[in-house]
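Asks: Input: one structure, supplied below.
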Amino acid sequence: MMDKHYDPKAVEEKWYAWWESHGCFHAEPKDGGESYSIVIPPPNVTGILHMGHALNETIQDILTRWRRMQGRNVLWLPGTDHAGIATQSVVEKSLDKEHLRRQDLGREKFLERVWQWKEKYGGTIVHQQRKLGNSTDWQRERFTFDAGCSKAVTKVFVQLFKEGLIYKGPYIVNWCTHHQTALANDEVEHEENHGHLWYIRYPVVGSDKGVSGEPYRDYVMVATTRPETLPGDTAVAVNPKDERYAHLRGKKVILPLTGREIPVVEDDYVEKDFGTGIVKITPAHDPNDFLVGKRHDLPIVNVMNGDGTMNADSGRYVGMDRFVCREEIVKDLEAGGYLDHIEDYDNQVGHCYRCHKVVESRLSKQWFVKMKPLAEPAIAAVRTGEIQFVPKRWENVYFNWMENIQDWCISRQLWWGHRIPAYYLKAEIEAKAENPVFVVEETPEAALAAMREKTGNAALTAEGICQDEDVLDTWFSSWLWPFSTLGWPEQTDDLKFYYPTCDLVTAQDIIFFWVARMIMAGYHFMGQPPFRKIIIHGIVRDDQGRKMSKSLGNSLDPLELIDSYSADALRFSLALITSLETDSRVSKSKFEIGRNFATKIWNAARFMQMNLEKNPGIIDAHAIAAGDFTLDPALLRDDDRHVLWTLQSVLATMNDHLEKYRLQDGALAIYDLIWNKFCDWYLEYAKQDLSGEDEARRKQVLTLMTAVFSSALKLLHPYMPFVTEELWHQMGYGKDGESIMLAPWPTAYTPEQNQAWGLSQEIATYIDNKRELITAGRALRSDYNIAPSKLVTYLIQTVDDETARRFTSELDTLRQQLRAEEITITVGGEHLAMPCTVCKQGTIYLSLKGQVDAAAELERVRGELVKTRGFLKGVEAKLSNESFVSRAPEAIVQQQREKKVELEATIERLTKLEAAFAAAQ
RNA sequence: GGGCAAUUAGCUCAGUUGGUUAGAGCAUUACCUUCACACGGUAGGGGUCACUGGUCCGAGUCCAGUAUUGCCCACCA
């Protein structure tokens, strides 16, 4: 006998291992069929599973399991990202404990350590993903730094370079003067800094006075937080719309302390209302100034060394530390009469995340990809709808970024990553040549040959050249993910069959980093989109709406949730509480929904099993689950028809919801079917027959329950794979231990079956009405404070004969359920002089003999009459609108006509009622 | 500063082309430990759908404006 409470732990472990070992997740092109493929957004190899992954992967798994059951050839490809900075930092931190720096080990030894780390700990997240139940094809697991992906990366780099789309150029990076290395943006911590704004006068060239020590009459005033970079100024800038400085157009100013003449340029970057509205431009020491300099073709003067001391171009400050220099320059400016005044000023200043020294903006040479030519087809693809965002509004975000796209800086001064396949003459590098000769090739051998040709030195050996020290941005491998993982650049069967992939599921935070770039790479290298639909889901937040983060300590751990509630519960609850439209707030208790649901299903199965054990061999569960069963129409009751009909309508709704990625609605639909329709209504209804003497009827009920429940399990399987699989076997639905995950997705009954069994919307509506009638009857009792034990007399009045007939045929049941000694059923409006309650749609009226509130009923009927008349007016207006009648589809017009007739009948009925109530009053 | 979204029950959220009585889960109240399930059942309470105005026979839904909140982008030299 099954236990009262479902114990998911053992079950989930058992079935995952079973699925994996039976190759249930594995996909092969040779199996044919229509392909459905998704590549997983590869989590960082350093990562541990968080709620974001749980949501993201649950969505993908629901889609893939559903499609697989539909018979598609499904591939969901897993893998991880080598995550350059993150991984390197983790390993460097572990070196810290040994008081080692990576430089002490050297590049090769250090990389060995990282690989060791990856082998040891890199599997953490993929093991955690298994606990979620992901049906990813683990035989195809990939890593962005594995041999295949690395080959693709190198090939792409060389191709883009040869196409002229990759170039090497100057760029401002975050520079730590202590570690003497570039830092990525996320390695820079911004802290509030209590500093100053120095207001400095720059004399305008041509001014009448120019003697040092005297105030200039004609000058511009510049405000700066970094006076020490002044010797590197190569312009001052104003906003072109700033009327105050219109007279400066085309003029030059004198750079204080140096005597150099620098131009006044106009640039939108300048904020009119900040400081004086004039900015000094120091292209070598500020990223924005660098861009201004680029736009205006300004010279770049670097005044600082890598260690934060001033260099020769700073003039007399050479050798000073940058902060000493700041004080000296301010002193000199004051002495020269250039310093106007100083204000206190707070701003954000970047600090190194490791040594907390102020990060310097430093000019360096970096590699770039020209993005404009790549962006054009990618923009067109979304415009034409070849690729679609779901929800659609993200297209705006995408266009906004793509149309203003900047070149992509792809080089990183790290060791862990794909090394840039550029090769130099070793002699030139050692001599620190300004612009060393280089070649870009896929292999060192090819590079040597190319270099020999380029330099005309046939005697050049492999020792004479060296590879670029930098590695590529991690995204430079992930943007190839949809095809590099399928074997590109080889033209594999996988690639032919599964590319383009179908859906990409991700959160909005990597639309730029990843999604947009994959689209560009897809079109450029494959000539085809990487995927058709982009499903953007929200972010999982805590119950106060904050992002989950380690530092806030508000993270929910999916593994903990799986431990306390089960993976099924986590998945189902996530699906139920998240929509694509908004972020979701979650708290631990939310996951009880899924757990309780699993228990409910478990117990429904237990109930059925108990009854099957009492009737051994009465049905063939497997055959019924496979759709091979007959029902005797003579034995069918309306409640049977109702549940069969409801199952079919839920199936249709689920398909529609899943097609449109409304996973939440799908979850709700199956939840309602199983809990409310099947357990609360049908199982309760069936109890009387199951304990009855009629064996044919018992068999019929058990057949029907098996048919409905097995279909419901299938509909639920994408959401709750484990418990459905367990019950599938417990109930003997799969022949010879076949898995539910490969069972065919349910289909609607044939028209013949529907007809033979008398299934129709009318029957379903009748049962709904009956439920409502019983509820209303109970409510009436409580309204009039009548004890449940007391027998009363009900009057039921229906609008149509058919409903009256059905009620009459069930008088005994109704009497029992309403605890009535007498029930009178009539048709039409005359009888009802003492109405008390009205069921839905105004087609059934129920009253309790001797209990009337005619005044209230009169008021309500009048309200209803007003509404109905208004509605009728609208329909009439529509029908008298010529353009509607002539242009709208005939079916719609007909519908309106029918509605009109119906409304007129309703009004007539209500009018009679009104009169009856008025008389009663 | 630019853009996007949200505002519906105590809480978290649905509400698909405007349509008759606005739904769910949790929480809550009463009753029920009835032989599938108290992680349960039955019945109930709780909403001027942020505000103002507009269009319409009819607005949670469409339009305009206001307020509040959140996010993204660009960021003040």
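Identifiers in the structure tokens: chain A, B, ... in order shown; residue index from 1 per chain; ligand index from 1 in order shown.
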Could you list, as a PyMOL selection string, the residues of chain B having an atom within 10 Å of chain A when counting only C-alpha atoms (C1' of nucleotides)?

Replies: chain B and resi 1+3-6+11-14+16+19-21+24-26+36-37+39-44+56-58+70-73+75-77

Asks: Among region 116-283 of chain A, which residues does DSSP mark as strand (DSSP E or B) when it is run on the backbone? Keep the chain and numbering as in the structure and answer as a ChimeraX atom specification.

Replies: /A:142-143,166-176,181-183,188-204,219-224,235-238,252-254,261-266,278-281

Asks: Write out as an MDAnalysis selection string the residues lying within 6 Å of region 557-571 of chain A, counting only C-alpha atoms (C1' of nucleotides) and excluding same-chain residues fewer than 4 positions away.

Replies: chainID A and resid 8 51 58 132 591 594:595 720

Asks: Dump all heavy atoms for the selected residues as a short mmCIF file (atom, residue, chain, number, x, y, z; two decimals), in the first residue's frame?

Replies:
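To be explicit, this is the file written out as out.cif:
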```
data_model
loop_
_atom_site.label_atom_id
_atom_site.label_comp_id
_atom_site.auth_asym_id
_atom_site.auth_seq_id
_atom_site.Cartn_x
_atom_site.Cartn_y
_atom_site.Cartn_z
N PRO A 8 9.38 12.23 -1.68
CA PRO A 8 10.00 12.50 -2.99
C PRO A 8 11.49 12.17 -3.08
O PRO A 8 11.97 11.90 -4.17
CB PRO A 8 9.78 14.00 -3.19
CG PRO A 8 9.58 14.57 -1.83
CD PRO A 8 9.05 13.47 -0.97
N MET A 51 18.33 30.61 -7.62
CA MET A 51 16.93 30.62 -8.03
C MET A 51 16.77 31.05 -9.49
O MET A 51 15.84 30.62 -10.17
CB MET A 51 16.12 31.53 -7.11
CG MET A 51 15.94 30.96 -5.72
SD MET A 51 15.19 29.33 -5.71
CE MET A 51 13.51 29.74 -6.07
N THR A 58 13.80 25.46 -15.35
CA THR A 58 12.47 24.86 -15.25
C THR A 58 11.66 25.18 -16.50
O THR A 58 11.00 24.31 -17.08
CB THR A 58 11.73 25.38 -14.00
OG1 THR A 58 12.41 24.88 -12.84
CG2 THR A 58 10.30 24.89 -13.95
N LEU A 132 17.34 19.21 -10.31
CA LEU A 132 16.15 19.93 -10.79
C LEU A 132 15.31 19.06 -11.69
O LEU A 132 14.12 19.31 -11.89
CB LEU A 132 16.59 21.14 -11.61
CG LEU A 132 16.71 22.50 -10.96
CD1 LEU A 132 17.09 23.50 -12.03
CD2 LEU A 132 15.41 22.91 -10.31
N PHE A 591 6.53 27.53 -1.88
CA PHE A 591 6.80 26.22 -2.46
C PHE A 591 5.96 25.12 -1.82
O PHE A 591 6.00 23.99 -2.26
CB PHE A 591 8.30 25.95 -2.40
CG PHE A 591 9.04 26.97 -3.22
CD1 PHE A 591 9.53 28.14 -2.65
CD2 PHE A 591 9.15 26.82 -4.59
CE1 PHE A 591 10.14 29.11 -3.42
CE2 PHE A 591 9.75 27.79 -5.37
CZ PHE A 591 10.25 28.94 -4.78
N GLY A 594 3.37 23.56 -4.39
CA GLY A 594 3.78 22.42 -5.18
C GLY A 594 3.82 21.14 -4.36
O GLY A 594 3.40 20.08 -4.81
N ARG A 595 4.33 21.27 -3.13
CA ARG A 595 4.41 20.08 -2.28
C ARG A 595 3.00 19.55 -1.99
O ARG A 595 2.73 18.36 -2.11
CB ARG A 595 5.11 20.42 -0.97
CG ARG A 595 5.24 19.22 -0.06
CD ARG A 595 5.42 19.62 1.39
NE ARG A 595 4.34 20.48 1.85
CZ ARG A 595 4.34 21.07 3.04
NH1 ARG A 595 5.34 20.92 3.87
NH2 ARG A 595 3.34 21.83 3.39
N MET A 720 5.91 18.47 -13.39
CA MET A 720 6.31 17.65 -12.25
C MET A 720 6.73 16.28 -12.74
O MET A 720 5.98 15.30 -12.64
CB MET A 720 5.14 17.52 -11.25
CG MET A 720 4.67 18.85 -10.71
SD MET A 720 3.34 18.65 -9.49
CE MET A 720 4.21 18.91 -7.96
#
```
